[in-house]
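Structure data (mmCIF, C-alpha atoms) from model-v3.cif:
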data_data
loop_
_atom_site.label_atom_id
_atom_site.label_comp_id
_atom_site.auth_asym_id
_atom_site.auth_seq_id
_atom_site.Cartn_x
_atom_site.Cartn_y
_atom_site.Cartn_z
CA MET I 218 89.85 71.58 79.06
CA LYS I 219 92.57 73.89 80.38
CA TYR I 220 95.40 72.39 82.43
CA TYR I 221 97.22 74.34 85.13
CA ILE I 222 100.47 73.05 86.63
CA LEU I 223 101.19 74.75 89.94
CA THR I 224 104.08 74.33 92.39
CA GLY I 225 104.06 75.13 96.10
CA THR I 226 100.29 74.87 96.53
CA THR I 227 99.80 74.16 100.24
CA ARG I 228 100.22 77.74 101.46
CA GLY I 229 100.39 81.37 100.41
CA LEU I 230 100.04 82.38 96.78
CA GLY I 231 100.12 78.79 95.51
CA LYS I 232 97.24 77.81 97.76
CA ALA I 233 95.25 80.88 96.68
CA LEU I 234 95.88 80.06 93.02
CA THR I 235 94.67 76.51 93.59
CA PHE I 236 91.37 77.69 95.02
CA ALA I 237 90.90 80.41 92.40
CA LEU I 238 91.38 77.95 89.54
CA THR I 239 89.09 75.22 90.87
CA LYS I 240 86.26 75.61 88.42
CA LYS I 241 84.55 73.68 85.66
CA GLY I 242 86.68 73.31 82.56
CA ASN I 243 89.98 73.43 84.46
CA HIS I 244 92.19 70.52 85.50
CA LEU I 245 94.71 71.31 88.22
CA VAL I 246 98.02 69.49 88.49
CA THR I 247 99.61 70.47 91.79
CA LEU I 248 103.16 69.72 92.91
CA SER I 249 103.97 70.06 96.61
CA ARG I 250 105.85 68.27 99.36
CA SER I 251 102.66 67.54 101.30
CA GLU I 252 99.00 66.91 100.52
CA ASN I 253 96.56 69.81 100.24
CA GLU I 254 94.26 68.68 103.05
CA VAL I 255 92.35 71.97 103.02
CA LEU I 256 91.33 71.52 99.40
CA LYS I 257 90.20 67.97 100.06
CA SER I 258 88.13 69.01 103.07
CA TYR I 259 85.97 71.53 101.23
CA GLU I 260 82.72 69.93 100.13
CA LYS I 261 82.29 72.30 97.21
CA TYR I 262 85.61 71.11 95.75
CA LYS I 263 84.82 67.39 95.92
CA ASP I 264 84.34 67.13 92.14
CA VAL I 265 87.35 69.26 91.20
CA SER I 266 89.37 67.88 88.31
CA HIS I 267 92.68 67.59 90.12
CA THR I 268 95.88 65.56 90.01
CA GLU I 269 98.07 65.91 93.08
CA ILE I 270 101.75 64.96 92.83
CA LEU I 271 103.87 64.89 95.96
CA VAL I 272 107.47 65.85 95.25
CA ASP I 273 110.40 67.49 97.01
CA LEU I 274 111.85 70.04 94.60
CA ASN I 275 115.26 69.42 96.18
CA ASP I 276 115.26 65.90 94.73
CA MET I 277 116.09 66.13 91.02
CA GLU I 278 115.33 62.49 90.28
CA ALA I 279 111.94 62.79 91.97
CA LEU I 280 111.31 66.01 90.05
CA LYS I 281 112.00 64.29 86.72
CA ASN I 282 109.61 61.48 87.63
CA ALA I 283 106.99 64.03 88.70
CA MET I 284 107.09 65.77 85.33
CA GLU I 285 106.50 62.46 83.57
CA LYS I 286 103.41 62.01 85.75
CA VAL I 287 102.27 65.55 84.99
CA PHE I 288 102.21 65.05 81.25
CA SER I 289 100.73 61.60 81.45
CA VAL I 290 97.44 63.32 82.37
CA ILE I 291 97.65 66.22 79.88
CA PRO I 292 96.50 65.32 76.35
CA ASP I 293 97.74 67.10 73.24
CA THR I 294 94.11 68.08 72.63
CA ALA I 295 94.16 70.43 75.64
CA GLU I 296 92.57 73.84 75.16
CA GLY I 297 95.44 75.43 77.06
CA VAL I 298 98.39 74.37 79.23
CA TYR I 299 99.87 76.67 81.86
CA LEU I 300 102.76 76.39 84.32
CA VAL I 301 103.14 78.66 87.35
CA ASN I 302 106.52 78.16 89.02
CA ASN I 303 105.47 79.48 92.41
CA ALA I 304 107.37 77.42 95.00
CA GLY I 305 110.21 79.28 96.64
CA THR I 306 112.21 79.87 99.79
CA VAL I 307 113.67 83.02 101.32
CA GLN I 308 116.14 81.02 103.39
CA PRO I 309 118.96 81.39 104.27
CA MET I 310 118.50 84.92 105.62
CA LYS I 311 121.96 85.94 106.82
CA PRO I 312 125.29 87.18 105.47
CA ILE I 313 126.70 84.83 102.85
CA GLU I 314 129.74 83.97 104.97
CA ASP I 315 127.40 82.53 107.60
CA CYS I 316 125.56 80.31 105.09
CA THR I 317 126.47 76.65 104.79
CA ALA I 318 127.00 74.98 101.43
CA ASP I 319 123.83 72.94 101.99
CA GLU I 320 121.76 76.07 102.69
CA ILE I 321 123.08 77.76 99.56
CA ALA I 322 122.42 74.67 97.43
CA ARG I 323 118.86 74.34 98.72
CA SER I 324 118.12 78.00 97.96
CA TYR I 325 119.31 77.73 94.37
CA GLN I 326 117.71 74.32 93.88
CA VAL I 327 114.22 75.41 94.97
CA ASN I 328 114.25 78.98 93.58
CA THR I 329 116.21 78.48 90.36
CA VAL I 330 117.13 74.93 89.38
CA ALA I 331 113.67 73.42 89.91
CA PRO I 332 111.74 76.09 87.94
CA VAL I 333 114.36 75.98 85.17
CA ALA I 334 114.02 72.18 84.95
CA LEU I 335 110.22 72.39 85.03
CA THR I 336 110.26 75.01 82.28
CA ALA I 337 112.50 72.81 80.13
CA ALA I 338 110.23 69.80 80.64
CA PHE I 339 107.12 71.86 79.93
CA ILE I 340 108.49 73.15 76.63
CA ARG I 341 109.79 69.72 75.62
CA HIS I 342 106.49 67.98 76.32
CA THR I 343 104.28 70.60 74.69
CA GLN I 344 106.31 71.29 71.54
CA GLN I 345 103.64 69.81 69.29
CA PHE I 346 100.64 71.06 71.28
CA ASP I 347 98.57 73.40 69.12
CA CYS I 348 97.02 75.40 71.95
CA ASP I 349 97.64 78.30 74.30
CA LYS I 350 100.86 77.56 76.25
CA LYS I 351 102.21 79.91 78.89
CA ILE I 352 104.63 79.92 81.83
CA VAL I 353 104.70 82.40 84.72
CA ASN I 354 107.83 82.31 86.85
CA ILE I 355 107.14 83.90 90.21
CA SER I 356 110.08 86.18 90.88
CA SER I 357 110.63 89.08 93.28
CA GLY I 358 111.66 92.70 93.37
CA ALA I 359 114.67 91.32 95.22
CA GLY I 360 115.92 90.06 91.86
CA LYS I 361 116.52 93.69 90.87
CA LYS I 362 117.21 95.35 94.23
CA PRO I 363 119.89 93.76 96.45
CA TYR I 364 119.16 93.38 100.18
CA GLU I 365 121.68 92.67 102.92
CA GLY I 366 121.11 89.17 104.29
CA TRP I 367 119.31 88.04 101.14
CA SER I 368 122.29 87.34 98.92
CA CYS I 369 121.00 83.89 97.97
CA TYR I 370 117.39 84.98 97.53
CA CYS I 371 118.35 88.01 95.42
CA GLY I 372 120.72 85.92 93.34
CA THR I 373 118.20 83.18 92.64
CA LYS I 374 115.48 85.62 91.60
CA ALA I 375 117.83 87.61 89.37
CA ALA I 376 118.75 84.33 87.70
CA ILE I 377 115.09 83.52 87.06
CA ASP I 378 114.50 86.92 85.49
CA SER I 379 117.44 86.52 83.12
CA PHE I 380 116.53 82.91 82.33
CA THR I 381 112.99 83.94 81.45
CA GLY I 382 114.21 86.54 78.97
CA ALA I 383 116.58 84.09 77.30
CA VAL I 384 113.90 81.40 76.92
CA ALA I 385 111.51 83.94 75.42
CA LYS I 386 114.10 84.71 72.73
CA GLU I 387 114.52 80.99 72.02
CA GLN I 388 110.79 80.57 71.60
CA MET I 389 110.69 83.29 68.94
CA HIS I 390 112.05 80.70 66.50
CA GLN I 391 109.52 77.98 67.29
CA GLU I 392 106.53 77.15 65.11
CA LYS I 393 104.34 76.69 68.19
CA PRO I 394 105.99 78.90 70.81
CA VAL I 395 105.47 78.90 74.55
CA GLY I 396 104.79 82.24 76.20
CA ILE I 397 106.91 82.99 79.26
CA VAL I 398 107.14 85.88 81.73
CA SER I 399 108.73 86.58 85.09
CA PHE I 400 106.38 88.18 87.61
CA ALA I 401 107.20 89.94 90.89
CA PRO I 402 104.02 89.67 93.00
CA GLY I 403 104.82 92.29 95.59
CA VAL I 404 104.85 91.79 99.34
CA ILE I 405 102.15 89.24 100.19
CA ASP I 406 100.78 88.27 103.60
CA THR I 407 102.11 84.70 103.58
CA GLY I 408 104.20 82.34 105.66
CA MET I 409 107.30 83.64 103.93
CA GLN I 410 106.64 87.10 105.36
CA ALA I 411 106.24 85.55 108.81
CA GLU I 412 109.67 83.94 108.37
CA ILE I 413 111.13 87.32 107.45
CA ARG I 414 109.62 89.04 110.51
CA ALA I 415 110.99 86.26 112.72
CA SER I 416 114.56 86.83 111.52
CA LYS I 417 117.26 88.71 113.43
CA LYS I 418 118.12 92.30 112.54
CA SER I 419 121.79 91.38 112.71
CA ASP I 420 121.14 88.96 109.84
CA PHE I 421 118.59 91.08 107.96
CA PRO I 422 119.02 94.85 108.52
CA ASN I 423 115.74 95.66 106.69
CA LEU I 424 113.73 93.74 109.28
CA GLU I 425 111.90 96.76 110.73
CA ARG I 426 110.58 97.79 107.32
CA PHE I 427 108.93 94.40 106.81
CA ILE I 428 107.47 94.43 110.32
CA ALA I 429 106.01 97.87 109.56
CA LEU I 430 104.41 96.62 106.34
CA LYS I 431 102.49 94.05 108.39
CA ASP I 432 101.62 96.46 111.20
CA ASN I 433 100.39 99.09 108.74
CA GLY I 434 98.23 96.66 106.79
CA GLU I 435 100.27 97.13 103.61
CA LEU I 436 100.69 93.46 102.72
CA LEU I 437 98.76 92.16 99.72
CA ARG I 438 96.29 89.31 100.22
CA PRO I 439 97.25 86.04 98.48
CA GLU I 440 93.78 85.89 96.88
CA GLN I 441 94.26 89.35 95.42
CA VAL I 442 97.59 88.42 93.83
CA ALA I 443 96.25 85.06 92.60
CA ASN I 444 93.62 86.91 90.58
CA VAL I 445 96.32 89.12 89.05
CA VAL I 446 98.31 86.04 88.01
CA ILE I 447 95.24 84.50 86.38
CA ASP I 448 94.43 87.76 84.59
CA LEU I 449 98.04 87.87 83.43
CA LEU I 450 97.78 84.37 81.94
CA HIS I 451 94.65 85.18 79.99
CA GLY I 452 94.73 88.95 79.47
CA SER I 453 96.53 91.52 77.38
CA GLY I 454 99.15 92.18 80.07
CA PHE I 455 101.15 89.10 79.07
CA VAL I 456 104.26 90.33 77.23
CA GLN I 457 106.59 87.63 75.93
CA GLY I 458 109.80 87.64 77.96
CA GLY I 459 108.49 90.37 80.22
CA ILE I 460 110.03 90.99 83.65
CA LEU I 461 106.80 92.21 85.20
CA ASP I 462 105.95 93.74 88.57
CA ILE I 463 102.52 93.87 90.19
CA ARG I 464 103.09 97.52 91.12
CA THR I 465 103.30 98.60 87.50
CA LEU I 466 101.30 95.91 85.69
CA GLU I 467 97.94 96.88 84.23
CA VAL I 468 95.59 93.90 84.07
#

As structure tokens, how would this structure be written, given the file I've shared?
Amino acid sequence: MKYYILTGTTRGLGKALTFALTKKGNHLVTLSRSENEVLKSYEKYKDVSHTEILVDLNDMEALKNAMEKVFSVIPDTAEGVYLVNNAGTVQPMKPIEDCTADEIARSYQVNTVAPVALTAAFIRHTQQFDCDKKIVNISSGAGKKPYEGWSCYCGTKAAIDSFTGAVAKEQMHQEKPVGIVSFAPGVIDTGMQAEIRASKKSDFPNLERFIALKDNGELLRPEQVANVVIDLLHGSGFVQGGILDIRTLEV
């Protein structure tokens, strides 16, 4: 059986990934702050092999406990083990001088610290697993292109990109290495985009561009991107340590 560990699964890309991976031979381990009521309500998913773990990624102690629960259900005989660090926040969206210390800490905790800690735990727990092992860190083009009002978001995503490359180099020396990439999924029609469009132009000068993307039907569907992520995990497009972008990736 293949095991997929997914974060941020109650909306957007994480939710789409959850539905796309609910099939025979897969076991889903989902980490979110709230229960996935939609998944539970669908009759066709009633027999899905699924472990749901409720955790706030801002709580490091709870996160450590959650990872222990994750690997208590994943045997070392697994056919494959995969982690998609999807959960993220675009907040705070305003000039850095207007951001509180708590807002800054939450941004880095959810976007950087939590996926780094999850990656560390994943590698530690699967060191002796003799199977396919891969991690996809969901990043953003904002990690490479700075935007006014997104200083925290840009910084956290740039950190994830660099972290991914460093871990890939570390894994080169392992007998049973873990594959890891950073993946920018493009501009997706999710709740995060709604948050962006609801911001103030004084805080985010690029606001009109993102409103236009929605109005012109240029946003990607979460289901479309979920399929790209799955193809990336299992196809030839996976390049160890790659900082990949959906706009240039061939899958």

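Of note, CA of Glu278 (chain I) and CA of Arg250 (chain I) are spaced 14.3 Å apart.
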
Any idea what the distance is between CA of Glu314 (chain I) and CA of Ile377 (chain I)? 23.1 Å

Ala295 (chain I) proximity check over I:Phe421, I:Phe339, I:Phe346, I:Tyr364, using only C-alpha atoms: winner is I:Phe346

Using only C-alpha atoms, find each residue in region 380-444 of chain I having at least one atom no more than 9 Å away from region 221-240 of chain I; report its shortest atom-to-atom pair and that distance in Å (one decimal), rows by chain then rising number, as a Markdown table.
| residue | atom | partner | partner_atom | distance |
| --- | --- | --- | --- | --- |
| I:Ile405 | CA | I:Leu230 | CA | 7.9 |
| I:Asp406 | CA | I:Gly229 | CA | 7.6 |
| I:Thr407 | CA | I:Gly229 | CA | 4.9 |
| I:Gly408 | CA | I:Gly229 | CA | 6.6 |
| I:Met409 | CA | I:Gly229 | CA | 8.1 |
| I:Arg438 | CA | I:Leu230 | CA | 8.6 |
| I:Pro439 | CA | I:Leu230 | CA | 4.9 |
| I:Glu440 | CA | I:Ala233 | CA | 5.2 |
| I:Gln441 | CA | I:Ala233 | CA | 8.6 |
| I:Val442 | CA | I:Leu230 | CA | 7.2 |
| I:Ala443 | CA | I:Leu234 | CA | 5.0 |
| I:Asn444 | CA | I:Ala237 | CA | 7.3 |

So how far away is CA of Val272 (chain I) from CA of Cys348 (chain I), in Å? 27.3 Å

Could you spell out the hits of the PyMOL selection byres ((chain I and resi 430) around 12) on the shown file, as a PDB file with C-alpha atoms, in the frame of the given file?
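Output saved as out.pdb:
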ATOM      1  CA  GLY I 403     104.820  92.290  95.590  1.00  0.00           C
ATOM      2  CA  VAL I 404     104.850  91.790  99.340  1.00  0.00           C
ATOM      3  CA  ILE I 405     102.150  89.240 100.190  1.00  0.00           C
ATOM      4  CA  ASP I 406     100.780  88.270 103.600  1.00  0.00           C
ATOM      5  CA  GLN I 410     106.640  87.100 105.360  1.00  0.00           C
ATOM      6  CA  ALA I 411     106.240  85.550 108.810  1.00  0.00           C
ATOM      7  CA  ILE I 413     111.130  87.320 107.450  1.00  0.00           C
ATOM      8  CA  ARG I 414     109.620  89.040 110.510  1.00  0.00           C
ATOM      9  CA  ASN I 423     115.740  95.660 106.690  1.00  0.00           C
ATOM     10  CA  LEU I 424     113.730  93.740 109.280  1.00  0.00           C
ATOM     11  CA  GLU I 425     111.900  96.760 110.730  1.00  0.00           C
ATOM     12  CA  ARG I 426     110.580  97.790 107.320  1.00  0.00           C
ATOM     13  CA  PHE I 427     108.930  94.400 106.810  1.00  0.00           C
ATOM     14  CA  ILE I 428     107.470  94.430 110.320  1.00  0.00           C
ATOM     15  CA  ALA I 429     106.010  97.870 109.560  1.00  0.00           C
ATOM     16  CA  LYS I 431     102.490  94.050 108.390  1.00  0.00           C
ATOM     17  CA  ASP I 432     101.620  96.460 111.200  1.00  0.00           C
ATOM     18  CA  ASN I 433     100.390  99.090 108.740  1.00  0.00           C
ATOM     19  CA  GLY I 434      98.230  96.660 106.790  1.00  0.00           C
ATOM     20  CA  GLU I 435     100.270  97.130 103.610  1.00  0.00           C
ATOM     21  CA  LEU I 436     100.690  93.460 102.720  1.00  0.00           C
ATOM     22  CA  LEU I 437      98.760  92.160  99.720  1.00  0.00           C
TER      23      LEU I 437
END

From the list I:Glu392, I:Ser419, I:Leu461, I:Gln308, which residue is nearest Ser357 (chain I) when using all atoms listed in the file?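 Between I:Glu392, I:Ser419, I:Leu461, I:Gln308, the residue approaching Ser357 (chain I) most closely is I:Leu461.
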
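Against the coordinates shown, the PyMOL selection byres ((chain I and resi 464) around 9) returns Ala401, Pro402, Gly403, Leu461, Asp462, Ile463, Thr465, Leu466 and Glu467 of chain I.
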
For the provided coordinates, the residues matched by the PyMOL selection byres ((chain I and resi 365) around 12) should be stated as a CSV table (one decimal) with C-alpha atoms, in the frame of the given file.
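In the end it all went to selection03.csv:
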chain,number,residue,atom,x,y,z
I,309,PRO,CA,119.0,81.4,104.3
I,310,MET,CA,118.5,84.9,105.6
I,311,LYS,CA,122.0,85.9,106.8
I,312,PRO,CA,125.3,87.2,105.5
I,313,ILE,CA,126.7,84.8,102.8
I,359,ALA,CA,114.7,91.3,95.2
I,362,LYS,CA,117.2,95.4,94.2
I,363,PRO,CA,119.9,93.8,96.4
I,364,TYR,CA,119.2,93.4,100.2
I,366,GLY,CA,121.1,89.2,104.3
I,367,TRP,CA,119.3,88.0,101.1
I,368,SER,CA,122.3,87.3,98.9
I,369,CYS,CA,121.0,83.9,98.0
I,370,TYR,CA,117.4,85.0,97.5
I,371,CYS,CA,118.4,88.0,95.4
I,372,GLY,CA,120.7,85.9,93.3
I,418,LYS,CA,118.1,92.3,112.5
I,419,SER,CA,121.8,91.4,112.7
I,420,ASP,CA,121.1,89.0,109.8
I,421,PHE,CA,118.6,91.1,108.0
I,422,PRO,CA,119.0,94.8,108.5
I,423,ASN,CA,115.7,95.7,106.7
I,424,LEU,CA,113.7,93.7,109.3
